[in-house]
>>> print(open('run06.csv').read())   # CSV, C-alpha atoms
chain,number,residue,atom,x,y,z
A,14,MET,CA,-14.2,20.0,-5.2
A,15,LYS,CA,-13.0,23.6,-4.5
A,16,LYS,CA,-9.3,23.9,-3.8
A,17,ASP,CA,-10.0,25.0,-0.2
A,18,ASP,CA,-12.3,22.1,0.6
A,19,LEU,CA,-11.0,19.9,3.4
A,20,ILE,CA,-9.4,16.6,2.5
A,21,VAL,CA,-8.5,14.2,5.3
A,22,ILE,CA,-5.8,11.6,4.7
A,23,THR,CA,-5.1,9.0,7.4
A,24,GLY,CA,-1.9,6.9,7.6
A,25,ALA,CA,-0.2,10.0,6.2
A,26,GLY,CA,3.0,9.3,8.2
A,27,GLY,CA,3.4,6.2,6.1
A,28,PHE,CA,4.5,5.5,2.5
A,29,ILE,CA,1.4,5.5,0.3
A,30,ALA,CA,-0.7,8.1,2.3
A,31,GLY,CA,2.4,10.4,2.6
A,32,ALA,CA,2.7,10.3,-1.2
A,33,LEU,CA,-1.0,10.9,-1.6
A,34,THR,CA,-0.8,13.9,0.7
A,35,ARG,CA,2.0,15.4,-1.5
A,36,TYR,CA,0.0,14.5,-4.6
A,37,PHE,CA,-3.1,16.5,-3.6
A,38,HIS,CA,-1.0,19.4,-2.3
A,39,GLU,CA,0.8,19.6,-5.6
A,40,LYS,CA,-2.5,19.7,-7.4
A,41,GLY,CA,-3.3,22.9,-5.6
A,42,PHE,CA,-5.5,21.8,-2.7
A,43,THR,CA,-4.8,24.1,0.2
A,44,HIS,CA,-6.8,22.5,3.0
A,45,ILE,CA,-5.4,19.0,3.8
A,46,ARG,CA,-5.4,17.3,7.2
A,47,ALA,CA,-2.8,14.5,7.4
A,48,ILE,CA,-3.1,12.1,10.3
A,49,ASP,CA,-0.9,9.2,11.7
A,50,LYS,CA,-0.4,7.7,15.1
A,51,LYS,CA,3.4,7.8,14.7
A,52,PRO,CA,5.2,10.8,16.3
A,53,LEU,CA,5.7,13.6,13.7
A,54,PRO,CA,9.5,13.2,13.6
A,55,GLU,CA,9.0,9.5,12.5
A,56,TRP,CA,6.7,10.4,9.5
A,57,TYR,CA,8.2,9.2,6.2
A,58,GLN,CA,7.6,12.7,4.7
A,59,ARG,CA,6.0,15.9,5.9
A,60,VAL,CA,4.4,18.2,3.4
A,61,PRO,CA,4.7,22.0,4.1
A,62,GLY,CA,1.4,23.8,4.5
A,63,VAL,CA,-0.5,20.6,5.5
A,64,GLU,CA,-2.1,20.2,8.9
A,65,SER,CA,-0.3,17.2,10.4
A,66,LEU,CA,-1.8,15.6,13.5
A,67,CYS,CA,-0.6,12.7,15.6
A,68,LEU,CA,-3.8,10.7,16.5
A,69,ASP,CA,-4.6,7.1,17.2
A,70,LEU,CA,-7.6,6.4,14.9
A,71,SER,CA,-8.5,3.1,16.6
A,72,GLU,CA,-10.3,5.4,19.1
A,73,ARG,CA,-13.8,6.9,18.4
A,74,ASP,CA,-13.1,10.4,19.8
A,75,THR,CA,-9.9,10.9,17.7
A,76,CYS,CA,-11.8,9.8,14.6
A,77,VAL,CA,-14.4,12.5,15.3
A,78,ARG,CA,-11.6,15.1,15.6
A,79,ALA,CA,-10.0,13.8,12.4
A,80,CYS,CA,-13.1,14.2,10.3
A,81,GLU,CA,-14.4,17.6,11.5
A,82,GLY,CA,-15.4,19.6,8.5
A,83,ALA,CA,-14.1,17.0,6.0
A,84,LEU,CA,-15.5,16.8,2.5
A,85,GLU,CA,-13.4,13.8,1.5
A,86,VAL,CA,-11.8,11.2,3.7
A,87,TYR,CA,-9.0,8.8,2.5
A,88,ASN,CA,-8.5,5.9,4.9
A,89,LEU,CA,-5.0,4.4,4.4
A,90,ALA,CA,-4.3,3.9,8.1
A,91,ALA,CA,-3.5,0.3,9.1
A,92,ASP,CA,-0.9,-1.7,11.1
A,93,MET,CA,0.8,-3.5,8.2
A,94,GLY,CA,4.1,-4.3,6.4
A,95,GLY,CA,5.6,-6.9,4.2
A,96,MET,CA,4.9,-10.6,4.4
A,97,GLY,CA,7.2,-11.0,7.4
A,98,PHE,CA,5.1,-8.6,9.4
A,99,ILE,CA,1.7,-9.8,8.2
A,100,GLU,CA,2.4,-13.4,9.0
A,101,LYS,CA,3.9,-12.7,12.5
A,102,PHE,CA,1.5,-10.0,13.8
A,103,ARG,CA,-2.0,-11.2,12.7
A,104,VAL,CA,-3.7,-9.8,15.8
A,105,GLU,CA,-2.3,-6.3,15.1
A,106,CYS,CA,-3.4,-6.5,11.5
A,107,LEU,CA,-6.9,-7.5,12.6
A,108,ARG,CA,-7.2,-4.7,15.0
A,109,SER,CA,-7.1,-2.2,12.1
A,110,ILE,CA,-10.8,-3.0,11.9
A,111,LEU,CA,-11.3,-0.6,14.8
A,112,ILE,CA,-10.0,2.2,12.6
A,113,THR,CA,-12.5,1.3,9.9
A,114,ALA,CA,-15.4,1.1,12.2
A,115,ASN,CA,-14.7,4.4,14.0
A,116,LEU,CA,-13.5,6.4,11.0
A,117,ILE,CA,-16.3,5.6,8.6
A,118,GLU,CA,-18.9,6.5,11.2
A,119,ALA,CA,-17.1,9.7,12.0
A,120,ALA,CA,-16.9,10.6,8.3
A,121,TYR,CA,-20.6,9.9,7.9
A,122,GLN,CA,-21.5,12.0,10.9
A,123,ALA,CA,-19.3,14.8,9.7
A,124,GLY,CA,-21.2,14.9,6.4
A,125,ALA,CA,-18.2,13.8,4.2
A,126,GLN,CA,-19.3,13.4,0.6
A,127,ARG,CA,-16.7,10.8,-0.4
A,128,TYR,CA,-14.9,8.1,1.6
A,129,PHE,CA,-12.0,6.0,0.2
A,130,PHE,CA,-10.7,2.8,1.6
A,131,SER,CA,-7.4,1.3,0.8
A,132,SER,CA,-8.0,-2.5,0.6
A,133,SER,CA,-5.5,-5.1,-0.5
A,134,ALA,CA,-5.0,-8.0,-2.9
A,135,CYS,CA,-4.6,-10.0,0.3
A,136,ALA,CA,-8.4,-10.0,0.4
A,137,TYR,CA,-8.5,-12.5,-2.4
A,138,ASN,CA,-9.2,-16.2,-2.0
A,139,THR,CA,-5.9,-17.9,-1.3
A,140,GLU,CA,-7.0,-21.1,-2.9
A,141,LEU,CA,-6.6,-19.4,-6.3
A,142,GLN,CA,-3.0,-18.4,-5.5
A,143,LYS,CA,-1.3,-21.8,-5.0
A,144,GLU,CA,0.8,-21.8,-8.2
A,145,PRO,CA,3.4,-19.4,-9.4
A,146,LYS,CA,1.7,-19.2,-12.8
A,147,ALA,CA,-1.8,-18.8,-11.3
A,148,ARG,CA,-4.2,-16.7,-13.4
A,149,ALA,CA,-4.5,-13.0,-12.7
A,150,LEU,CA,-7.1,-12.2,-10.0
A,151,LYS,CA,-10.3,-10.5,-11.0
A,152,GLU,CA,-12.5,-8.6,-8.6
A,153,SER,CA,-15.1,-11.4,-8.3
A,154,ASP,CA,-12.4,-13.8,-7.0
A,155,ALA,CA,-12.7,-12.5,-3.5
A,156,TYR,CA,-15.7,-14.7,-3.0
A,157,PRO,CA,-16.2,-17.4,-1.8
A,158,ALA,CA,-14.0,-15.9,0.8
A,159,MET,CA,-10.7,-17.4,1.9
A,160,ALA,CA,-8.6,-14.3,2.5
A,161,GLU,CA,-5.0,-14.1,3.8
A,162,ARG,CA,-5.2,-14.8,7.6
A,163,GLY,CA,-5.4,-11.7,9.7
A,164,TYR,CA,-4.6,-8.8,7.3
A,165,GLY,CA,-6.7,-10.1,4.4
A,166,TRP,CA,-9.8,-10.8,6.5
A,167,GLU,CA,-9.6,-7.3,8.0
A,168,LYS,CA,-9.5,-5.8,4.5
A,169,LEU,CA,-12.4,-7.9,3.3
A,170,MET,CA,-14.6,-7.0,6.3
A,171,SER,CA,-13.7,-3.3,6.0
A,172,GLU,CA,-14.8,-3.4,2.3
A,173,MET,CA,-18.2,-4.6,3.6
A,174,PHE,CA,-18.4,-1.6,5.9
A,175,CYS,CA,-17.9,0.6,2.9
A,176,GLN,CA,-20.6,-1.2,0.9
A,177,GLU,CA,-23.1,-1.1,3.7
A,178,TYR,CA,-22.6,2.6,4.4
A,179,TRP,CA,-23.5,3.3,0.8
A,180,ALA,CA,-26.4,0.8,0.7
A,181,GLU,CA,-28.0,1.8,4.0
A,182,ARG,CA,-26.8,5.4,4.6
A,183,GLY,CA,-26.1,6.8,1.1
A,184,MET,CA,-22.5,7.8,1.7
A,185,LYS,CA,-20.4,7.5,-1.4
A,186,THR,CA,-17.6,5.0,-0.6
A,187,PHE,CA,-14.8,3.8,-2.9
A,188,ILE,CA,-12.6,0.7,-2.5
A,189,ALA,CA,-9.3,-0.1,-4.2
A,190,ARG,CA,-7.5,-3.4,-3.8
A,191,LEU,CA,-3.8,-2.4,-3.9
A,192,HIS,CA,-1.2,-4.8,-5.3
A,193,ASN,CA,2.3,-4.5,-3.8
A,194,VAL,CA,3.2,-0.8,-4.0
A,195,TYR,CA,6.9,0.3,-4.1
A,196,GLY,CA,9.0,3.3,-4.7
A,197,PRO,CA,11.1,6.0,-3.1
A,198,LEU,CA,10.2,7.4,0.4
A,199,GLY,CA,9.0,3.9,1.5
A,200,THR,CA,10.0,1.4,4.1
A,201,TRP,CA,13.3,-0.2,3.2
A,202,ASP,CA,14.4,-2.0,6.3
A,203,GLY,CA,13.3,-2.9,9.8
A,204,GLY,CA,10.9,-5.8,9.0
A,205,ARG,CA,8.0,-4.0,7.4
A,206,GLU,CA,9.5,-3.5,4.0
A,207,LYS,CA,8.2,-5.3,1.0
A,208,ALA,CA,10.1,-7.4,-1.5
A,209,PRO,CA,11.4,-4.7,-4.0
A,210,ALA,CA,12.8,-2.6,-1.2
A,211,ALA,CA,14.1,-5.6,0.8
A,212,ILE,CA,15.9,-6.9,-2.3
A,213,CYS,CA,17.4,-3.5,-3.2
A,214,ARG,CA,18.7,-3.1,0.4
A,215,LYS,CA,20.2,-6.6,0.4
A,216,VAL,CA,22.0,-6.0,-2.9
A,217,ILE,CA,23.3,-2.7,-1.6
A,218,GLU,CA,24.5,-4.3,1.6
A,219,ALA,CA,26.2,-7.1,-0.3
A,220,LYS,CA,27.9,-4.7,-2.6
A,221,ASP,CA,29.1,-2.5,0.3
A,222,SER,CA,30.3,-5.4,2.4
A,223,GLY,CA,32.1,-7.2,-0.3
A,224,LYS,CA,30.3,-10.4,0.7
A,225,HIS,CA,28.6,-11.1,-2.6
A,226,GLU,CA,25.7,-13.2,-1.5
A,227,ILE,CA,22.0,-12.7,-0.9
A,228,VAL,CA,19.4,-14.6,1.1
A,229,ILE,CA,16.1,-15.0,-0.6
A,230,TRP,CA,12.9,-15.9,1.3
A,231,GLY,CA,11.4,-19.1,-0.1
A,232,ASP,CA,12.7,-20.8,-3.2
A,233,GLY,CA,12.5,-17.7,-5.5
A,234,THR,CA,9.7,-19.1,-7.7
A,235,ALA,CA,6.9,-17.2,-6.2
A,236,THR,CA,5.4,-14.5,-8.5
A,237,ARG,CA,4.0,-11.1,-7.9
A,238,SER,CA,3.2,-7.8,-9.7
A,239,PHE,CA,4.5,-4.6,-8.3
A,240,MET,CA,3.0,-1.1,-8.8
A,241,TYR,CA,5.0,2.1,-8.7
A,242,ILE,CA,3.9,4.7,-6.2
A,243,ASP,CA,3.1,7.4,-8.7
A,244,ASP,CA,0.6,5.1,-10.5
A,245,CYS,CA,-0.9,4.2,-7.1
A,246,VAL,CA,-1.7,7.8,-6.0
A,247,GLN,CA,-3.0,8.7,-9.5
A,248,GLY,CA,-5.2,5.6,-9.4
A,249,ILE,CA,-6.6,6.4,-5.9
A,250,ASP,CA,-7.6,9.9,-7.0
A,251,THR,CA,-9.2,8.6,-10.2
A,252,ILE,CA,-11.1,5.8,-8.5
A,253,ALA,CA,-12.3,8.1,-5.6
A,254,HIS,CA,-13.9,10.5,-8.2
A,255,CYS,CA,-15.6,7.9,-10.4
A,256,ASP,CA,-19.2,7.6,-9.5
A,257,GLY,CA,-19.4,4.4,-11.5
A,258,LEU,CA,-17.3,2.8,-8.8
A,259,ILE,CA,-19.3,3.7,-5.7
A,260,ALA,CA,-19.0,0.8,-3.2
A,261,THR,CA,-17.4,-1.4,-5.8
A,262,PRO,CA,-14.0,-3.0,-5.1
A,263,ILE,CA,-11.6,-2.6,-8.0
A,264,ASN,CA,-8.0,-3.8,-8.5
A,265,LEU,CA,-5.3,-1.1,-8.4
A,266,GLY,CA,-2.1,-2.8,-9.5
A,267,SER,CA,0.3,-3.5,-12.3
A,268,SER,CA,-0.3,-6.6,-14.4
A,269,GLU,CA,3.5,-7.1,-15.1
A,270,LEU,CA,4.1,-10.4,-13.4
A,271,ILE,CA,7.6,-11.4,-12.2
A,272,SER,CA,9.2,-14.1,-10.1
A,273,ILE,CA,11.2,-13.3,-7.1
A,274,ASN,CA,14.3,-14.8,-8.7
A,275,ASP,CA,13.8,-12.5,-11.8
A,276,LEU,CA,13.2,-9.6,-9.5
A,277,VAL,CA,16.6,-10.3,-7.8
A,278,SER,CA,18.2,-10.5,-11.3
A,279,LEU,CA,16.7,-7.1,-12.3
A,280,VAL,CA,18.1,-5.4,-9.2
A,281,GLU,CA,21.5,-7.1,-9.7
A,282,GLU,CA,21.5,-5.7,-13.3
A,283,ILE,CA,20.7,-2.2,-12.0
A,284,ALA,CA,23.4,-2.5,-9.3
A,285,GLY,CA,26.0,-3.9,-11.8
A,286,ILE,CA,26.7,-7.0,-9.6
A,287,MET,CA,26.1,-10.7,-9.5
A,288,LEU,CA,25.5,-12.4,-6.2
A,289,GLN,CA,25.5,-16.0,-4.9
A,290,ARG,CA,22.0,-16.9,-3.9
A,291,LYS,CA,21.0,-18.7,-0.7
A,292,TYR,CA,17.4,-19.7,-0.1
A,293,ASP,CA,15.7,-19.5,3.3
A,294,LEU,CA,12.9,-22.1,3.0
A,295,GLU,CA,11.7,-21.4,6.5
A,296,ALA,CA,11.1,-17.7,6.0
A,297,PRO,CA,7.5,-16.3,5.4
A,298,ARG,CA,6.7,-16.5,1.7
A,299,GLY,CA,2.9,-15.8,1.3
A,300,VAL,CA,1.0,-17.2,-1.6
A,301,ALA,CA,2.8,-18.9,-4.6
A,302,GLY,CA,1.4,-16.5,-7.3
A,303,ARG,CA,-0.6,-13.3,-7.4
A,304,ASN,CA,-1.2,-10.9,-10.3
A,305,SER,CA,-3.8,-8.2,-11.0
A,306,ASP,CA,-6.4,-8.6,-13.7
A,307,ASN,CA,-6.8,-5.1,-15.0
A,308,THR,CA,-9.8,-5.7,-17.3
A,309,MET,CA,-12.2,-3.8,-15.0
A,310,ILE,CA,-10.0,-0.7,-14.4
A,311,LYS,CA,-9.2,-0.4,-18.1
A,312,LYS,CA,-12.9,-0.6,-19.1
A,313,THR,CA,-14.1,1.7,-16.4
A,314,LEU,CA,-11.3,4.4,-16.3
A,315,ASN,CA,-9.6,3.8,-19.7
A,316,TRP,CA,-6.4,3.6,-17.7
A,317,GLU,CA,-4.2,1.2,-15.7
A,318,PRO,CA,-0.9,1.5,-13.8
A,319,ASP,CA,1.8,1.3,-16.5
A,320,THR,CA,5.2,2.3,-15.1
A,321,ALA,CA,7.6,-0.5,-16.1
A,322,LEU,CA,9.1,-2.4,-13.2
A,323,ARG,CA,12.6,-1.8,-14.5
A,324,LYS,CA,12.1,2.0,-14.6
A,325,GLY,CA,10.5,2.2,-11.2
A,326,LEU,CA,13.1,-0.1,-9.6
A,327,LYS,CA,15.9,2.0,-11.0
A,328,THR,CA,14.6,5.1,-9.2
A,329,THR,CA,13.8,3.1,-6.0
A,330,TYR,CA,17.3,1.5,-5.9
A,331,ALA,CA,19.0,4.9,-6.3
A,332,TRP,CA,16.9,6.3,-3.4
A,333,ILE,CA,17.6,3.4,-1.1
A,334,GLU,CA,21.3,3.5,-1.9
A,335,GLU,CA,21.3,7.1,-0.9
A,336,GLN,CA,19.5,6.3,2.4
A,337,TYR,CA,22.0,3.5,3.1
A,338,ALA,CA,25.0,5.8,2.5
A,339,ASP,CA,23.5,8.6,4.7
A,340,ARG,CA,22.9,6.2,7.5
A,341,LYS,CA,26.4,4.7,7.3
A,342,ALA,CA,27.8,8.2,7.4
A,343,GLY,CA,25.7,9.0,10.5
A,344,ARG,CA,23.6,11.5,8.6
A,345,ARG,CA,20.3,9.7,9.5
A,346,HIS,CA,19.2,7.1,12.0
>>> encode(input="run06.csv", output="structure tokens")
Amino acid sequence: MKKDDLIVITGAGGFIAGALTRYFHEKGFTHIRAIDKKPLPEWYQRVPGVESLCLDLSERDTCVRACEGALEVYNLAADMGGMGFIEKFRVECLRSILITANLIEAAYQAGAQRYFFSSSACAYNTELQKEPKARALKESDAYPAMAERGYGWEKLMSEMFCQEYWAERGMKTFIARLHNVYGPLGTWDGGREKAPAAICRKVIEAKDSGKHEIVIWGDGTATRSFMYIDDCVQGIDTIAHCDGLIATPINLGSSELISINDLVSLVEEIAGIMLQRKYDLEAPRGVAGRNSDNTMIKKTLNWEPDTALRKGLKTTYAWIEEQYADRKAGRRH
């Protein structure tokens, strides 16, 4: 690509796509169009010098507008959040298929050379994730299909769109199955936050209030891997520019597995506090165990996400603590 070629990034008012927008801008790309349906003041971050548009990409005409002149399109737009949101709002999650259907066609009609789709580990067969120590998921484990209800099925179907646009129409598409991304400038409260941010916030609240207890969703034995945001955006860029991965889903996640109980302990250690734990067994908890098998990404790209969870969490905790203090002092909503 030339530095003035147009890159379109959707979902850019959100956490990952906002970071991706900044990543490409800092690499020297001067023509970036960032799109999100949220009003501009509600975007997580705005990057100076980037064209920022408020558009609802579930509609055909707005997708056509979004893709005008685009050489590369990165689709990270979706109605989603943490497990609490995914389990409660399945219809909203499923409706993101409208974005896929309209945006990929608009990208094709606009002559885009590359189209990236942000899929999810929720596309994997849930029957393989019933034990905390379940084996790491490899790319072939998505079939036979039994994805996470709502959100996971939408991701799996959107992957198929990408595969067929390459097979039938020759547009280069790229698919990354993201595993639990966290870091600064992400959602940390309100119901859409994921486990690392939620636990950081709860520990900060407990420390501030003097009520030294924390409520953990489930029994704390569930396991996950968590990928730091810097690894995520680097991975997206690398995957989207590897012709060996055209129309081929690939894991993009850390392989550092940890239980929720141990995640809480790690945040407590960072905060310098010990809390009494209470377990909410009625809360959404998702699958019992999920980890990323990184065999394919290491073989194909000679790289994998490698930011240690302790290091990434320390930075994330500090950022959330600052946001919490600012809100308490009335410096932000």
>>> residues_around(input="run06.csv", residues="A:Gly204", least_positions_apart="2", cutoff="7 Å", atoms="all atoms listed in the file", output="number ranges by chain")
A: 97-98, 202, 206
>>> closest_atom_pairs(input="run06.csv", of="stretch 221-336 of chain A", to="stretch 23-47 of chain A", cutoff="12 Å", atoms="all atoms listed in the file", output="Markdown table")
| residue | atom | partner | partner_atom | distance |
| --- | --- | --- | --- | --- |
| A:Met240 | CA | A:Ile29 | CA | 11.4 |
| A:Tyr241 | CA | A:Ile29 | CA | 10.3 |
| A:Ile242 | CA | A:Ile29 | CA | 7.0 |
| A:Asp243 | CA | A:Ala32 | CA | 8.1 |
| A:Asp244 | CA | A:Leu33 | CA | 10.7 |
| A:Cys245 | CA | A:Ile29 | CA | 7.9 |
| A:Val246 | CA | A:Leu33 | CA | 5.4 |
| A:Gln247 | CA | A:Tyr36 | CA | 8.2 |
| A:Gly248 | CA | A:Leu33 | CA | 10.3 |
| A:Ile249 | CA | A:Leu33 | CA | 8.4 |
| A:Asp250 | CA | A:Leu33 | CA | 8.6 |
| A:Thr251 | CA | A:Phe37 | CA | 12.0 |
>>> closest_atom_pairs(input="run06.csv", of="stretch 95-134 of chain A", to="stretch 190-198 of chain A", cutoff="7 Å", atoms="only C-alpha atoms", output="Markdown table")
| residue | atom | partner | partner_atom | distance |
| --- | --- | --- | --- | --- |
| A:Ser131 | CA | A:Arg190 | CA | 6.6 |
| A:Ser132 | CA | A:Arg190 | CA | 4.5 |
| A:Ser133 | CA | A:Arg190 | CA | 4.2 |
| A:Ala134 | CA | A:Arg190 | CA | 5.3 |
>>> atom_distance(input="run06.csv", atom1="atom CA of A:Tyr87", atom2="atom CA of A:Tyr164")
18.8 Å
>>> closest_residue(input="run06.csv", among="A:Ala149, A:Leu265, A:Cys175, A:Ala219", to="A:Arg237", atoms="all atoms listed in the file")
A:Ala149
>>> atom_distance(input="run06.csv", atom1="atom CA of A:Ala301", atom2="atom CA of A:Thr313")
29.1 Å
>>> residues_around(input="run06.csv", residues="stretch 221-235 of chain A", least_positions_apart="3", cutoff="9 Å", atoms="only C-alpha atoms", output="PDB file with C-alpha atoms, keeping the file's coordinate frame")
ATOM      1  CA  GLU A 144       0.800 -21.800  -8.200  1.00  0.00           C
ATOM      2  CA  PRO A 145       3.400 -19.400  -9.400  1.00  0.00           C
ATOM      3  CA  LYS A 146       1.700 -19.200 -12.800  1.00  0.00           C
ATOM      4  CA  ILE A 212      15.900  -6.900  -2.300  1.00  0.00           C
ATOM      5  CA  LYS A 215      20.200  -6.600   0.400  1.00  0.00           C
ATOM      6  CA  VAL A 216      22.000  -6.000  -2.900  1.00  0.00           C
ATOM      7  CA  ILE A 217      23.300  -2.700  -1.600  1.00  0.00           C
ATOM      8  CA  GLU A 218      24.500  -4.300   1.600  1.00  0.00           C
ATOM      9  CA  ILE A 271       7.600 -11.400 -12.200  1.00  0.00           C
ATOM     10  CA  SER A 272       9.200 -14.100 -10.100  1.00  0.00           C
ATOM     11  CA  ILE A 273      11.200 -13.300  -7.100  1.00  0.00           C
ATOM     12  CA  ASN A 274      14.300 -14.800  -8.700  1.00  0.00           C
ATOM     13  CA  ASP A 275      13.800 -12.500 -11.800  1.00  0.00           C
ATOM     14  CA  VAL A 277      16.600 -10.300  -7.800  1.00  0.00           C
ATOM     15  CA  ILE A 286      26.700  -7.000  -9.600  1.00  0.00           C
ATOM     16  CA  MET A 287      26.100 -10.700  -9.500  1.00  0.00           C
ATOM     17  CA  LEU A 288      25.500 -12.400  -6.200  1.00  0.00           C
ATOM     18  CA  GLN A 289      25.500 -16.000  -4.900  1.00  0.00           C
ATOM     19  CA  ARG A 290      22.000 -16.900  -3.900  1.00  0.00           C
ATOM     20  CA  LYS A 291      21.000 -18.700  -0.700  1.00  0.00           C
ATOM     21  CA  TYR A 292      17.400 -19.700  -0.100  1.00  0.00           C
ATOM     22  CA  ASP A 293      15.700 -19.500   3.300  1.00  0.00           C
ATOM     23  CA  LEU A 294      12.900 -22.100   3.000  1.00  0.00           C
ATOM     24  CA  GLU A 295      11.700 -21.400   6.500  1.00  0.00           C
ATOM     25  CA  ALA A 296      11.100 -17.700   6.000  1.00  0.00           C
ATOM     26  CA  PRO A 297       7.500 -16.300   5.400  1.00  0.00           C
ATOM     27  CA  ARG A 298       6.700 -16.500   1.700  1.00  0.00           C
ATOM     28  CA  GLY A 299       2.900 -15.800   1.300  1.00  0.00           C
ATOM     29  CA  VAL A 300       1.000 -17.200  -1.600  1.00  0.00           C
ATOM     30  CA  ALA A 301       2.800 -18.900  -4.600  1.00  0.00           C
ATOM     31  CA  GLY A 302       1.400 -16.500  -7.300  1.00  0.00           C
ATOM     32  CA  ARG A 303      -0.600 -13.300  -7.400  1.00  0.00           C
TER      33      ARG A 303
END
>>> closest_residue(input="run06.csv", among="A:Glu282, A:Asn307, A:Glu335, A:Leu270", to="A:Leu322", atoms="all atoms listed in the file")
A:Leu270
>>> atom_distance(input="run06.csv", atom1="atom CA of A:Tyr57", atom2="atom CA of A:Lys207")
15.4 Å
>>> closest_residue(input="run06.csv", among="A:Ala321, A:Leu70, A:Met93, A:Leu53", to="A:Arg205", atoms="all atoms listed in the file")
A:Met93
>>> closest_residue(input="run06.csv", among="A:Glu172, A:Asp339, A:Glu334, A:Glu152", to="A:Ile110", atoms="all atoms listed in the file")
A:Glu172
>>> closest_residue(input="run06.csv", among="A:Asn315, A:Gln122, A:Thr236, A:Ser171", to="A:Ala83", atoms="all atoms listed in the file")
A:Gln122
>>> closest_residue(input="run06.csv", among="A:Asp69, A:Glu317, A:Glu64, A:Asp17", to="A:Ile112", atoms="only C-alpha atoms")
A:Asp69
>>> decode(input="run06.csv", residues="stretch 180-185 of chain A", atoms="all heavy atoms", output="JSON list (two decimals), in the first residue's frame")
[["chain", "number", "residue", "atom", "x", "y", "z"],
["A", 180, "ALA", "N", -14.02, -17.25, -2.92],
["A", 180, "ALA", "CA", -14.19, -18.40, -3.81],
["A", 180, "ALA", "C", -14.95, -18.04, -5.08],
["A", 180, "ALA", "O", -14.60, -18.47, -6.19],
["A", 180, "ALA", "CB", -14.93, -19.53, -3.07],
["A", 181, "GLU", "N", -15.99, -17.22, -4.94],
["A", 181, "GLU", "CA", -16.86, -16.93, -6.08],
["A", 181, "GLU", "C", -16.51, -15.63, -6.79],
["A", 181, "GLU", "O", -16.67, -15.53, -8.01],
["A", 181, "GLU", "CB", -18.30, -16.89, -5.59],
["A", 181, "GLU", "CG", -19.34, -16.75, -6.69],
["A", 181, "GLU", "CD", -20.76, -16.82, -6.15],
["A", 181, "GLU", "OE1", -21.05, -17.74, -5.33],
["A", 181, "GLU", "OE2", -21.58, -15.96, -6.51],
["A", 182, "ARG", "N", -16.01, -14.65, -6.04],
["A", 182, "ARG", "CA", -15.81, -13.32, -6.63],
["A", 182, "ARG", "C", -14.37, -12.85, -6.62],
["A", 182, "ARG", "O", -14.07, -11.79, -7.17],
["A", 182, "ARG", "CB", -16.70, -12.30, -5.91],
["A", 182, "ARG", "CG", -18.19, -12.65, -6.02],
["A", 182, "ARG", "CD", -19.07, -11.53, -5.54],
["A", 182, "ARG", "NE", -20.47, -11.85, -5.69],
["A", 182, "ARG", "CZ", -21.46, -11.01, -5.40],
["A", 182, "ARG", "NH1", -21.16, -9.79, -4.94],
["A", 182, "ARG", "NH2", -22.71, -11.36, -5.55],
["A", 183, "GLY", "N", -13.49, -13.61, -5.98],
["A", 183, "GLY", "CA", -12.07, -13.30, -6.06],
["A", 183, "GLY", "C", -11.60, -12.14, -5.22],
["A", 183, "GLY", "O", -10.50, -11.60, -5.44],
["A", 184, "MET", "N", -12.40, -11.71, -4.22],
["A", 184, "MET", "CA", -11.94, -10.63, -3.35],
["A", 184, "MET", "C", -11.16, -11.24, -2.18],
["A", 184, "MET", "O", -11.61, -12.19, -1.54],
["A", 184, "MET", "CB", -13.13, -9.83, -2.80],
["A", 184, "MET", "CG", -12.66, -8.67, -1.92],
["A", 184, "MET", "SD", -13.96, -7.47, -1.52],
["A", 184, "MET", "CE", -14.95, -8.41, -0.38],
["A", 185, "LYS", "N", -9.98, -10.71, -1.93],
["A", 185, "LYS", "CA", -9.14, -11.24, -0.86],
["A", 185, "LYS", "C", -9.75, -10.88, 0.50],
["A", 185, "LYS", "O", -9.89, -9.70, 0.83],
["A", 185, "LYS", "CB", -7.73, -10.67, -0.95],
["A", 185, "LYS", "CG", -6.94, -11.16, -2.16],
["A", 185, "LYS", "CD", -5.54, -10.59, -2.17],
["A", 185, "LYS", "CE", -4.73, -11.11, -3.35],
["A", 185, "LYS", "NZ", -3.35, -10.55, -3.36]]
